[in-house]
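Presented below is the structure to which this report refers.
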Amino acid sequence: MTDERDERIMQPQNPVGFVGYGAYIPRYRLPAKEVARIWKGGAAGTPIDEKAVAGLDEDVITMSIEAARNALARAAINAADIRAVWVGSESHPYSVKPTSTVVAEAIGATPHTLAADWEFACKAGTEAVQAAIGFTGSGMAKYALAIGMDTAQGRPGDPLEYTAGAGGAAYILGPADESLAAVEGSYSYTTDTPDFWRRADEKYPSHGERFTGEPAYFHHITSSAQELMDALGAKPADYRFVVFHQPNTKFPQRVGKILGFTPEQLEVGLLVPRIGNVYAGSALVGLTAVLDIAEPGDRVLLVSYGSGAGSDAMSMLVTDRILESREVAPRTEDYINRRTEIDYATYSRFRGKLSK
Amino acid sequence: MMSKNNNKSMDDVFIIGVGMTPVGEHWDRSLRELALEAMTAARDETGAMRPEALYVANMLAPALSRQSHLGALLADFSGMRGIEAVAIDAAGASGGMALRQAYLALASGMVNTAMVVGVEKTTERVTAEVEAALITSSDADYESIHGVTQTALAAMLMRRYIFEYNVPEHAFAGFSITAHANGAKNSNAMFRRPIKLDTYTRAAMVSDPINMFDAAPVADGAAAIFLARGDILPSNLPFPPVRIEASAAAISAVAVHDRPNPISFSSAEITAQGALDRAEINKDQIDFFEVHDRFSVFAALALEAAGFAAPGEGWKLAESGAIALDGQIPICTFGGSKARGDTGGATGVYQAVEAALQLQGRAGEIQVANARLGLIQSLGGTGATAATHIFSAVETL
């Protein structure tokens, strides 16, 4: 950490960290070539191999509960000590009625808790983490639960349908000395950039095609990652792992190269080829895959991206506690390997593609 | 009439300043900002002269930017209130037609100085909306009503061409390869990588038989030229002026199916021949030809229309290398629409700027050796409008 405090960088009064983490990825997989088969006569190139699809009885609430239970198991704390349950998603089952109250009730965090749903496209989850860092770092709460989870929407035949997947992760923020990864500092970069949106009552999102690249994803991620590293006096080689928001396979690979990271630093957290873009859960579930194998002393950089647009960057240092905690709940890889392939017709039924 | 002694005459029309922006996706720049950059660059080469008239070439602003009345808008925005200004629309030939309007005004003696600016801003909208705007240049009642796009119309032309002339597979590859080879050396080009034959042969199909490398990208950009009559040329110009030797324009049937022979661009033929006649030269004296290669088959048809190849043999000039910078008839010397990028109604002005740079010896790595006479052709729709000009280098003043 730098001695001289950079006003733009966020570092809480009390050191905090991740005291528990948990992934959840539904079991169904739709191969991208299935989408190409239906919509492009099989002739289209595919941005990923396959995406995870939520089952008929799953939604952001049930999936958040699964991930939260895994995070609780690793944190080994009493759920009643959690003072905030925040769920970031663009697939909240209700427009009005919180996802987070149901999650809080299900895990036993009620009634002495804040609960709210967050929305910032694909960075709603890391936004909730930023808030949880502040809430716990200020001393107002000992523990806060932040979740990024999605069952993402893609209009049938749209390029997004290849990648719009389901999954996410939950994190419990708390005192750094209890953490399995201590937060070194974080930063958020935000502008009014309308690259992707879904208006109220619309079933599927719209996007600005290539506008989603340079002025949106790449500009925001490079800006936030560079700003944070500069303020911390860190460089890419200081990190063993880096995780970016991953809407497809190419974007994170390219942004990593632009910033000076190697493919090896990205590899572990790059899940998009196998589970798709899980939107608000995308970067966060990449981080659970990293924590599953990280060693004490490893530094990890997490950089999300949310359309509209913004990017959260977080730098963390893995502690000794990682070794004891990670075995007590399913690993990310366990969920990825729990795989049932479905065809486009089954996918259409599961995702309500034929209903209005 | 070509001036045999290469000296200026009072009634001749000269290009004395040129400017252009890079072609590409200018997400963060507006229509007027792009135009201003090109206009300012062109004026700077004249010592910041103020033109008496401004001719704006554009085809998509009303549909994509909800902005018409570009003559007044751009004259105002560039600080030239009081001059006369008008926008010219002839679809993809707007640039060539705007240049022709300026030429007519100057040659008539009614106007002494004029500026032509071509500008297009396509990234205001997503592709489907741009496609819908582009097809308005075809016959709405009889062509676009069927849902056809510009690419689909060109694909039908190309298919017919291949059928009629029994053209071998990948015959058009040379147009794309040459364009990219030249575009790679043009710092204002959208695509700056040379391609190989297998890049072309492996390219995805857009509208069979037109693949990704047969079709030019539609992009943002602005180009401007400053013109003046011979009798008021400033004496201290930093670059030699370029003379406009001839100007010709013609139309053919808008709908492709209304043409007696769809695989011949009669408008291109009439204007190429007309321009050569007016300049009193023959085609073999032309040192380079800026064709409007919106699609590779258009380049073949333009070469045939101007007499550089017999009907059905335009593609052979691409295959043999005759269209390369050191070939018999170099085309698309700055990359053409394929590699520089097609800026809709502004394309004809880019072509004029590029031709002027060639004739002034300012083309750098893509300089055509000893370029004295250049042919420039701007096409609108599926070749319905053609505007063709001949520029010449001026030895001494």
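Note on naming: chains are A, B, ... as they come in the structure tokens, residues start from 1 per chain, ligands start from 1 in the order shown.
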Interface rows for chain A against chain B: nearest pair, Å to one decimal, 8 Å, only C-alpha atoms, as a tab-separated table:
```
residue	atom	partner	partner_atom	distance
A:Gly208	CA	B:Val126	CA	6.0
A:Glu209	CA	B:Val126	CA	6.6
A:Phe211	CA	B:Trp27	CA	7.3
A:Pro215	CA	B:Trp27	CA	7.5
```
Keeping only N, CA and C atoms, write the selected residues to a file as a compact mmCIF listing (two decimals), in the first residue's frame.
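Ended up saving to selection21.txt:
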```txt
# COMPACT_ATOMS: atom_id res chain seq x y z
N GLY A 208 -25.10 -1.90 -28.64
CA GLY A 208 -24.59 -1.04 -29.71
C GLY A 208 -23.52 -1.70 -30.54
N GLU A 209 -23.60 -3.02 -30.72
CA GLU A 209 -22.66 -3.75 -31.57
C GLU A 209 -21.21 -3.44 -31.19
N PHE A 211 -19.70 -0.85 -30.64
CA PHE A 211 -19.58 0.21 -29.62
C PHE A 211 -19.33 -0.41 -28.24
N PRO A 215 -14.88 1.78 -26.92
CA PRO A 215 -15.24 2.87 -26.00
C PRO A 215 -15.89 2.37 -24.71
```
Problem set entry | B:Thr46 environment, 10 Å, only C-alpha atoms, sequence neighbours closer than 3 positions dropped, as a list in words |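 Once the adjacent positions are removed, what remains is Ile15, Ile16, Gly17, Val18, Ala41, Ala42, Arg43, Met49, Arg50, Phe226, Leu227, Leu233, Pro234, Asn236, Leu237, Pro238 and Phe239 of chain B.
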Kindly save the residues from that selection, with N, CA and C atoms included, as an mmCIF file, in the first residue's frame.
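File result30.cif, as written:
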```cif
data_model
loop_
_atom_site.group_PDB
_atom_site.id
_atom_site.type_symbol
_atom_site.label_atom_id
_atom_site.label_comp_id
_atom_site.auth_asym_id
_atom_site.auth_seq_id
_atom_site.Cartn_x
_atom_site.Cartn_y
_atom_site.Cartn_z
ATOM 1 N N ILE B 15 -7.617 22.619 -57.870
ATOM 2 C CA ILE B 15 -7.689 22.216 -56.456
ATOM 3 C C ILE B 15 -6.443 22.788 -55.788
ATOM 4 N N ILE B 16 -6.641 23.600 -54.753
ATOM 5 C CA ILE B 16 -5.475 24.226 -54.112
ATOM 6 C C ILE B 16 -5.341 23.855 -52.635
ATOM 7 N N GLY B 17 -6.269 23.030 -52.143
ATOM 8 C CA GLY B 17 -6.136 22.597 -50.751
ATOM 9 C C GLY B 17 -6.933 21.328 -50.538
ATOM 10 N N VAL B 18 -6.380 20.402 -49.778
ATOM 11 C CA VAL B 18 -7.109 19.157 -49.483
ATOM 12 C C VAL B 18 -6.970 18.813 -47.996
ATOM 13 N N ALA B 41 -8.410 21.552 -42.483
ATOM 14 C CA ALA B 41 -7.154 21.081 -43.079
ATOM 15 C C ALA B 41 -7.029 21.572 -44.522
ATOM 16 N N ALA B 42 -8.136 21.514 -45.264
ATOM 17 C CA ALA B 42 -8.092 21.964 -46.661
ATOM 18 C C ALA B 42 -7.853 23.467 -46.737
ATOM 19 N N ARG B 43 -8.505 24.208 -45.875
ATOM 20 C CA ARG B 43 -8.332 25.673 -45.880
ATOM 21 C C ARG B 43 -6.930 26.060 -45.452
ATOM 22 N N MET B 49 -7.989 30.577 -46.691
ATOM 23 C CA MET B 49 -8.929 31.327 -47.543
ATOM 24 C C MET B 49 -10.362 30.965 -47.176
ATOM 25 N N ARG B 50 -11.260 31.914 -47.439
ATOM 26 C CA ARG B 50 -12.687 31.703 -47.197
ATOM 27 C C ARG B 50 -13.351 31.468 -48.549
ATOM 28 N N PHE B 226 -10.449 22.347 -51.564
ATOM 29 C CA PHE B 226 -10.655 23.783 -51.802
ATOM 30 C C PHE B 226 -10.337 24.036 -53.262
ATOM 31 N N LEU B 227 -11.274 24.681 -53.975
ATOM 32 C CA LEU B 227 -11.089 24.911 -55.407
ATOM 33 C C LEU B 227 -11.083 26.404 -55.718
ATOM 34 N N LEU B 233 -5.716 32.477 -58.476
ATOM 35 C CA LEU B 233 -4.856 31.581 -57.692
ATOM 36 C C LEU B 233 -3.857 32.373 -56.856
ATOM 37 N N PRO B 234 -3.759 32.071 -55.580
ATOM 38 C CA PRO B 234 -2.742 32.732 -54.760
ATOM 39 C C PRO B 234 -1.348 32.349 -55.269
ATOM 40 N N ASN B 236 1.444 32.057 -53.412
ATOM 41 C CA ASN B 236 2.361 31.436 -52.445
ATOM 42 C C ASN B 236 1.833 30.117 -51.890
ATOM 43 N N LEU B 237 1.204 29.327 -52.738
ATOM 44 C CA LEU B 237 0.653 28.056 -52.262
ATOM 45 C C LEU B 237 1.778 27.082 -51.896
ATOM 46 N N PRO B 238 1.613 26.342 -50.814
ATOM 47 C CA PRO B 238 2.670 25.421 -50.392
ATOM 48 C C PRO B 238 2.802 24.200 -51.305
ATOM 49 N N PHE B 239 1.728 23.839 -51.998
ATOM 50 C CA PHE B 239 1.770 22.671 -52.881
ATOM 51 C C PHE B 239 1.291 23.078 -54.267
#
```
Residues within 6 Å of A:Thr340, please, as a PDB file with C-alpha atoms, in the first residue's frame. Count only C-alpha atoms; anything in the same chain fewer than 4 positions from it doesn't count.
```pdb
ATOM      1  CA  ARG A  27     -25.780 -27.964 -14.348  1.00  0.00           C
ATOM      2  CA  TYR A  28     -27.258 -27.511 -17.839  1.00  0.00           C
ATOM      3  CA  ARG A  29     -25.023 -26.616 -20.793  1.00  0.00           C
TER       4      ARG A  29
END
```
Seminar exercise, completed: In Å and to one decimal, atom CA of A:Ala23 is distant from atom CA of A:Ala67 by 5.0 Å
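Distance check against A:Gly134 using only C-alpha atoms: of A:Ala109, A:Val16, A:Ala73, A:Ala80, the minimum falls on A:Val16.
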For B:Gly92, work out the shell of residues within 12 Å, counting only C-alpha atoms and skipping chain neighbours fewer than 6 positions away, then give it as a PDB file with C-alpha atoms, in the first residue's frame.
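File written: part39.pdb
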```pdb
ATOM      1  CA  ALA B  57     -21.642  15.714 -50.049  1.00  0.00           C
ATOM      2  CA  ASN B  58     -23.637  13.407 -47.801  1.00  0.00           C
ATOM      3  CA  MET B  59     -26.206  10.638 -48.120  1.00  0.00           C
ATOM      4  CA  LEU B  60     -27.084   9.336 -44.660  1.00  0.00           C
ATOM      5  CA  ALA B  98     -20.764  17.808 -55.219  1.00  0.00           C
ATOM      6  CA  GLY B 118     -17.898  15.094 -47.960  1.00  0.00           C
ATOM      7  CA  VAL B 119     -18.927  13.810 -44.560  1.00  0.00           C
ATOM      8  CA  GLU B 120     -20.617  10.698 -43.276  1.00  0.00           C
ATOM      9  CA  ALA B 133     -30.677   3.860 -44.705  1.00  0.00           C
ATOM     10  CA  LEU B 134     -28.274   2.650 -47.410  1.00  0.00           C
ATOM     11  CA  ILE B 135     -30.961   0.831 -49.378  1.00  0.00           C
ATOM     12  CA  THR B 136     -32.995   4.040 -49.712  1.00  0.00           C
ATOM     13  CA  SER B 137     -30.646   4.856 -52.594  1.00  0.00           C
ATOM     14  CA  SER B 138     -32.249   2.060 -54.611  1.00  0.00           C
ATOM     15  CA  GLN B 150     -27.236  -3.011 -51.271  1.00  0.00           C
ATOM     16  CA  VAL B 218     -19.200   1.546 -44.353  1.00  0.00           C
ATOM     17  CA  HIS B 292     -15.497   3.292 -56.521  1.00  0.00           C
ATOM     18  CA  ASP B 293     -15.030  -0.279 -55.306  1.00  0.00           C
ATOM     19  CA  ARG B 294     -18.013  -0.476 -52.953  1.00  0.00           C
ATOM     20  CA  SER B 337     -13.478   1.738 -50.359  1.00  0.00           C
ATOM     21  CA  ASP B 342     -16.396   3.574 -47.723  1.00  0.00           C
ATOM     22  CA  THR B 343     -17.741   6.796 -46.292  1.00  0.00           C
ATOM     23  CA  GLY B 344     -21.003   6.784 -48.235  1.00  0.00           C
ATOM     24  CA  GLY B 345     -21.597  10.167 -49.817  1.00  0.00           C
ATOM     25  CA  ALA B 346     -18.163  11.399 -48.747  1.00  0.00           C
ATOM     26  CA  THR B 347     -16.309   8.715 -50.696  1.00  0.00           C
ATOM     27  CA  GLY B 348     -16.063  10.742 -53.897  1.00  0.00           C
ATOM     28  CA  VAL B 349     -14.353  13.559 -52.012  1.00  0.00           C
ATOM     29  CA  TYR B 350     -11.858  11.117 -50.459  1.00  0.00           C
ATOM     30  CA  GLN B 377     -15.157   7.954 -60.640  1.00  0.00           C
ATOM     31  CA  SER B 378     -17.874   8.165 -58.009  1.00  0.00           C
ATOM     32  CA  LEU B 379     -20.842   5.753 -58.190  1.00  0.00           C
ATOM     33  CA  GLY B 380     -24.238   6.024 -56.527  1.00  0.00           C
ATOM     34  CA  GLY B 381     -26.676   3.206 -55.799  1.00  0.00           C
ATOM     35  CA  THR B 382     -25.934   0.134 -57.865  1.00  0.00           C
ATOM     36  CA  GLY B 383     -24.213   2.326 -60.458  1.00  0.00           C
ATOM     37  CA  ALA B 384     -27.285   4.458 -61.220  1.00  0.00           C
ATOM     38  CA  THR B 385     -25.335   7.713 -60.889  1.00  0.00           C
ATOM     39  CA  ALA B 386     -21.781   8.178 -62.082  1.00  0.00           C
ATOM     40  CA  ALA B 387     -19.673  11.303 -61.722  1.00  0.00           C
TER      41      ALA B 387
END
```
Exercise. Out of stretch 170-223 of chain A, which residues get strand (DSSP E) from DSSP, as a ChimeraX atom specification?
Worked result: /A:170-175,181-193,196-197,206-207
Same residues, C-alpha atoms, saved as a PDB file, in the first residue's frame:
```
ATOM      1  CA  ALA A 170     -21.226 -14.889  -3.111  1.00  0.00           C
ATOM      2  CA  TYR A 171     -18.658 -13.193  -0.872  1.00  0.00           C
ATOM      3  CA  ILE A 172     -18.704 -12.422   2.809  1.00  0.00           C
ATOM      4  CA  LEU A 173     -16.685  -9.344   3.696  1.00  0.00           C
ATOM      5  CA  GLY A 174     -15.321  -9.006   7.206  1.00  0.00           C
ATOM      6  CA  PRO A 175     -12.237  -8.176   9.291  1.00  0.00           C
ATOM      7  CA  ALA A 181      -7.935 -12.739   1.020  1.00  0.00           C
ATOM      8  CA  ALA A 182      -7.322  -9.247   2.351  1.00  0.00           C
ATOM      9  CA  VAL A 183      -8.421  -6.250   0.284  1.00  0.00           C
ATOM     10  CA  GLU A 184      -5.478  -3.964  -0.535  1.00  0.00           C
ATOM     11  CA  GLY A 185      -7.541  -1.289  -2.193  1.00  0.00           C
ATOM     12  CA  SER A 186     -10.236  -0.777  -4.762  1.00  0.00           C
ATOM     13  CA  TYR A 187     -11.323   1.727  -7.355  1.00  0.00           C
ATOM     14  CA  SER A 188     -14.352   2.455  -9.528  1.00  0.00           C
ATOM     15  CA  TYR A 189     -14.389   4.140 -12.928  1.00  0.00           C
ATOM     16  CA  THR A 190     -17.755   5.338 -14.245  1.00  0.00           C
ATOM     17  CA  THR A 191     -19.038   7.257 -17.275  1.00  0.00           C
ATOM     18  CA  ASP A 192     -22.327   7.662 -19.118  1.00  0.00           C
ATOM     19  CA  THR A 193     -21.653   5.249 -22.002  1.00  0.00           C
ATOM     20  CA  PHE A 196     -25.953  -2.116 -23.674  1.00  0.00           C
ATOM     21  CA  TRP A 197     -29.316  -1.725 -21.963  1.00  0.00           C
ATOM     22  CA  SER A 206     -30.237  -4.209 -26.784  1.00  0.00           C
ATOM     23  CA  HIS A 207     -26.635  -3.400 -27.568  1.00  0.00           C
TER      24      HIS A 207
END
```
Exercise. Can you list, as a PyMOL selection string, every residue of stretch 276-365 of chain B that DSSP puts in alpha helix (DSSP H)?
Worked result: chain B and resi 276-279+296-305+314-320+336-339+347-359
Seminar exercise, completed: Using only C-alpha atoms, the residue out of B:Ala171, B:Leu64, B:Ile195, B:Ala249 with shortest distance to B:Gly314 is B:Ala171
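Interatomic distance, atom CA of B:Ala53 to atom CA of B:Ile83: 5.7 Å.
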I want to know what sits within 8 Å of stretch 291-302 of chain A, based on only C-alpha atoms, with residues of the same chain fewer than 6 positions away left out; could you give that as a short mmCIF file (atom, residue, chain, number, x, y, z; two decimals) with N, CA and C atoms, in the first residue's frame?
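The result, written out as part-v6.cif:
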```
data_model
loop_
_atom_site.label_atom_id
_atom_site.label_comp_id
_atom_site.auth_asym_id
_atom_site.auth_seq_id
_atom_site.Cartn_x
_atom_site.Cartn_y
_atom_site.Cartn_z
N ASP A 238 3.32 -8.25 -10.47
CA ASP A 238 3.14 -8.46 -9.03
C ASP A 238 1.99 -9.41 -8.72
N TYR A 239 1.16 -9.67 -9.72
CA TYR A 239 -0.03 -10.50 -9.49
C TYR A 239 0.18 -11.91 -10.03
N ARG A 240 -0.25 -12.89 -9.24
CA ARG A 240 -0.22 -14.26 -9.78
C ARG A 240 -1.44 -14.51 -10.67
N PHE A 241 -2.56 -13.89 -10.27
CA PHE A 241 -3.80 -14.08 -11.04
C PHE A 241 -4.47 -12.75 -11.32
N VAL A 242 -5.12 -12.69 -12.46
CA VAL A 242 -5.98 -11.54 -12.78
C VAL A 242 -7.28 -12.08 -13.36
N VAL A 243 -8.38 -11.47 -12.94
CA VAL A 243 -9.70 -11.88 -13.43
C VAL A 243 -10.41 -10.65 -13.98
N PHE A 244 -10.86 -10.75 -15.23
CA PHE A 244 -11.62 -9.66 -15.84
C PHE A 244 -13.05 -10.10 -16.08
N ALA A 283 -17.18 -11.83 -13.43
CA ALA A 283 -15.84 -11.66 -12.83
C ALA A 283 -15.79 -12.35 -11.47
N ASP A 312 -15.10 -1.85 -11.80
CA ASP A 312 -14.55 -1.90 -10.45
C ASP A 312 -13.27 -2.71 -10.49
N ALA A 313 -12.22 -2.16 -9.89
CA ALA A 313 -10.96 -2.90 -9.78
C ALA A 313 -10.66 -3.12 -8.31
N MET A 314 -10.24 -4.33 -7.96
CA MET A 314 -9.91 -4.66 -6.56
C MET A 314 -8.62 -5.46 -6.53
N SER A 315 -7.76 -5.06 -5.61
CA SER A 315 -6.50 -5.78 -5.44
C SER A 315 -6.55 -6.50 -4.10
N MET A 316 -6.14 -7.78 -4.10
CA MET A 316 -6.23 -8.53 -2.84
C MET A 316 -5.00 -9.41 -2.63
N LEU A 317 -4.77 -9.73 -1.37
CA LEU A 317 -3.63 -10.56 -0.98
C LEU A 317 -4.16 -11.79 -0.25
N VAL A 318 -3.86 -12.97 -0.80
CA VAL A 318 -4.39 -14.22 -0.23
C VAL A 318 -3.65 -14.55 1.07
N THR A 319 -4.42 -14.99 2.09
CA THR A 319 -3.84 -15.26 3.41
C THR A 319 -3.78 -16.78 3.68
N ASP A 320 -3.20 -17.13 4.83
CA ASP A 320 -3.08 -18.54 5.21
C ASP A 320 -4.44 -19.23 5.35
N ARG A 321 -5.45 -18.44 5.71
CA ARG A 321 -6.76 -19.04 5.97
C ARG A 321 -7.36 -19.73 4.75
N ILE A 322 -6.84 -19.38 3.55
CA ILE A 322 -7.39 -19.97 2.32
C ILE A 322 -7.30 -21.49 2.37
N LEU A 323 -6.19 -22.01 2.96
CA LEU A 323 -5.92 -23.44 2.90
C LEU A 323 -6.97 -24.25 3.64
N ARG A 326 -11.03 -23.57 1.92
CA ARG A 326 -11.55 -23.84 0.59
C ARG A 326 -12.10 -25.25 0.41
N ARG A 331 -15.99 -26.76 -5.00
CA ARG A 331 -15.17 -25.84 -5.77
C ARG A 331 -15.89 -25.44 -7.05
N THR A 332 -15.44 -24.36 -7.64
CA THR A 332 -16.02 -23.87 -8.90
C THR A 332 -15.94 -24.96 -9.96
#
```
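One finds atom CA of A:Ala76 at 27.0 Å from atom CA of A:Val303.
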What's around A:Ile107 at 7 Å? Count only C-alpha atoms, leave out sequence neighbours fewer than 3 positions away in its own chain, and write the answer as a short mmCIF file (atom, residue, chain, number, x, y, z; two decimals) with N, CA and C atoms, in the first residue's frame.
```cif
data_model
loop_
_atom_site.label_atom_id
_atom_site.label_comp_id
_atom_site.auth_asym_id
_atom_site.auth_seq_id
_atom_site.Cartn_x
_atom_site.Cartn_y
_atom_site.Cartn_z
N ILE A 65 -28.87 -18.28 -3.08
CA ILE A 65 -28.89 -19.01 -1.81
C ILE A 65 -27.83 -20.11 -1.82
N ARG A 69 -24.71 -20.08 0.79
CA ARG A 69 -24.48 -21.17 1.74
C ARG A 69 -23.03 -21.66 1.64
N ALA A 79 -24.66 -16.95 10.57
CA ALA A 79 -25.36 -16.10 9.60
C ALA A 79 -26.04 -14.92 10.26
N VAL A 103 -33.14 -14.32 0.11
CA VAL A 103 -31.82 -14.92 0.36
C VAL A 103 -31.47 -14.79 1.84
N ALA A 104 -31.68 -13.62 2.38
CA ALA A 104 -31.35 -13.38 3.79
C ALA A 104 -32.13 -14.32 4.71
#
```
For this session: Within 6 Å of A:Ala71, counting only C-alpha atoms, which residues show up once you throw out same-chain ones fewer than 4 positions away? Write them as a VMD selection string, please.
Result: chain A and resid 20 to 22
Convert the current residue selection to file output with N, CA and C atoms, as a tab-separated table (two decimals), in the first residue's frame.
```
chain	number	residue	atom	x	y	z
A	20	GLY	N	-15.24	-15.32	3.36
A	20	GLY	CA	-15.85	-16.52	2.80
A	20	GLY	C	-16.24	-16.27	1.36
A	21	TYR	N	-16.22	-17.34	0.56
A	21	TYR	CA	-16.66	-17.20	-0.83
A	21	TYR	C	-17.36	-18.47	-1.25
A	22	GLY	N	-18.26	-18.34	-2.22
A	22	GLY	CA	-18.94	-19.53	-2.73
A	22	GLY	C	-19.44	-19.30	-4.14
```
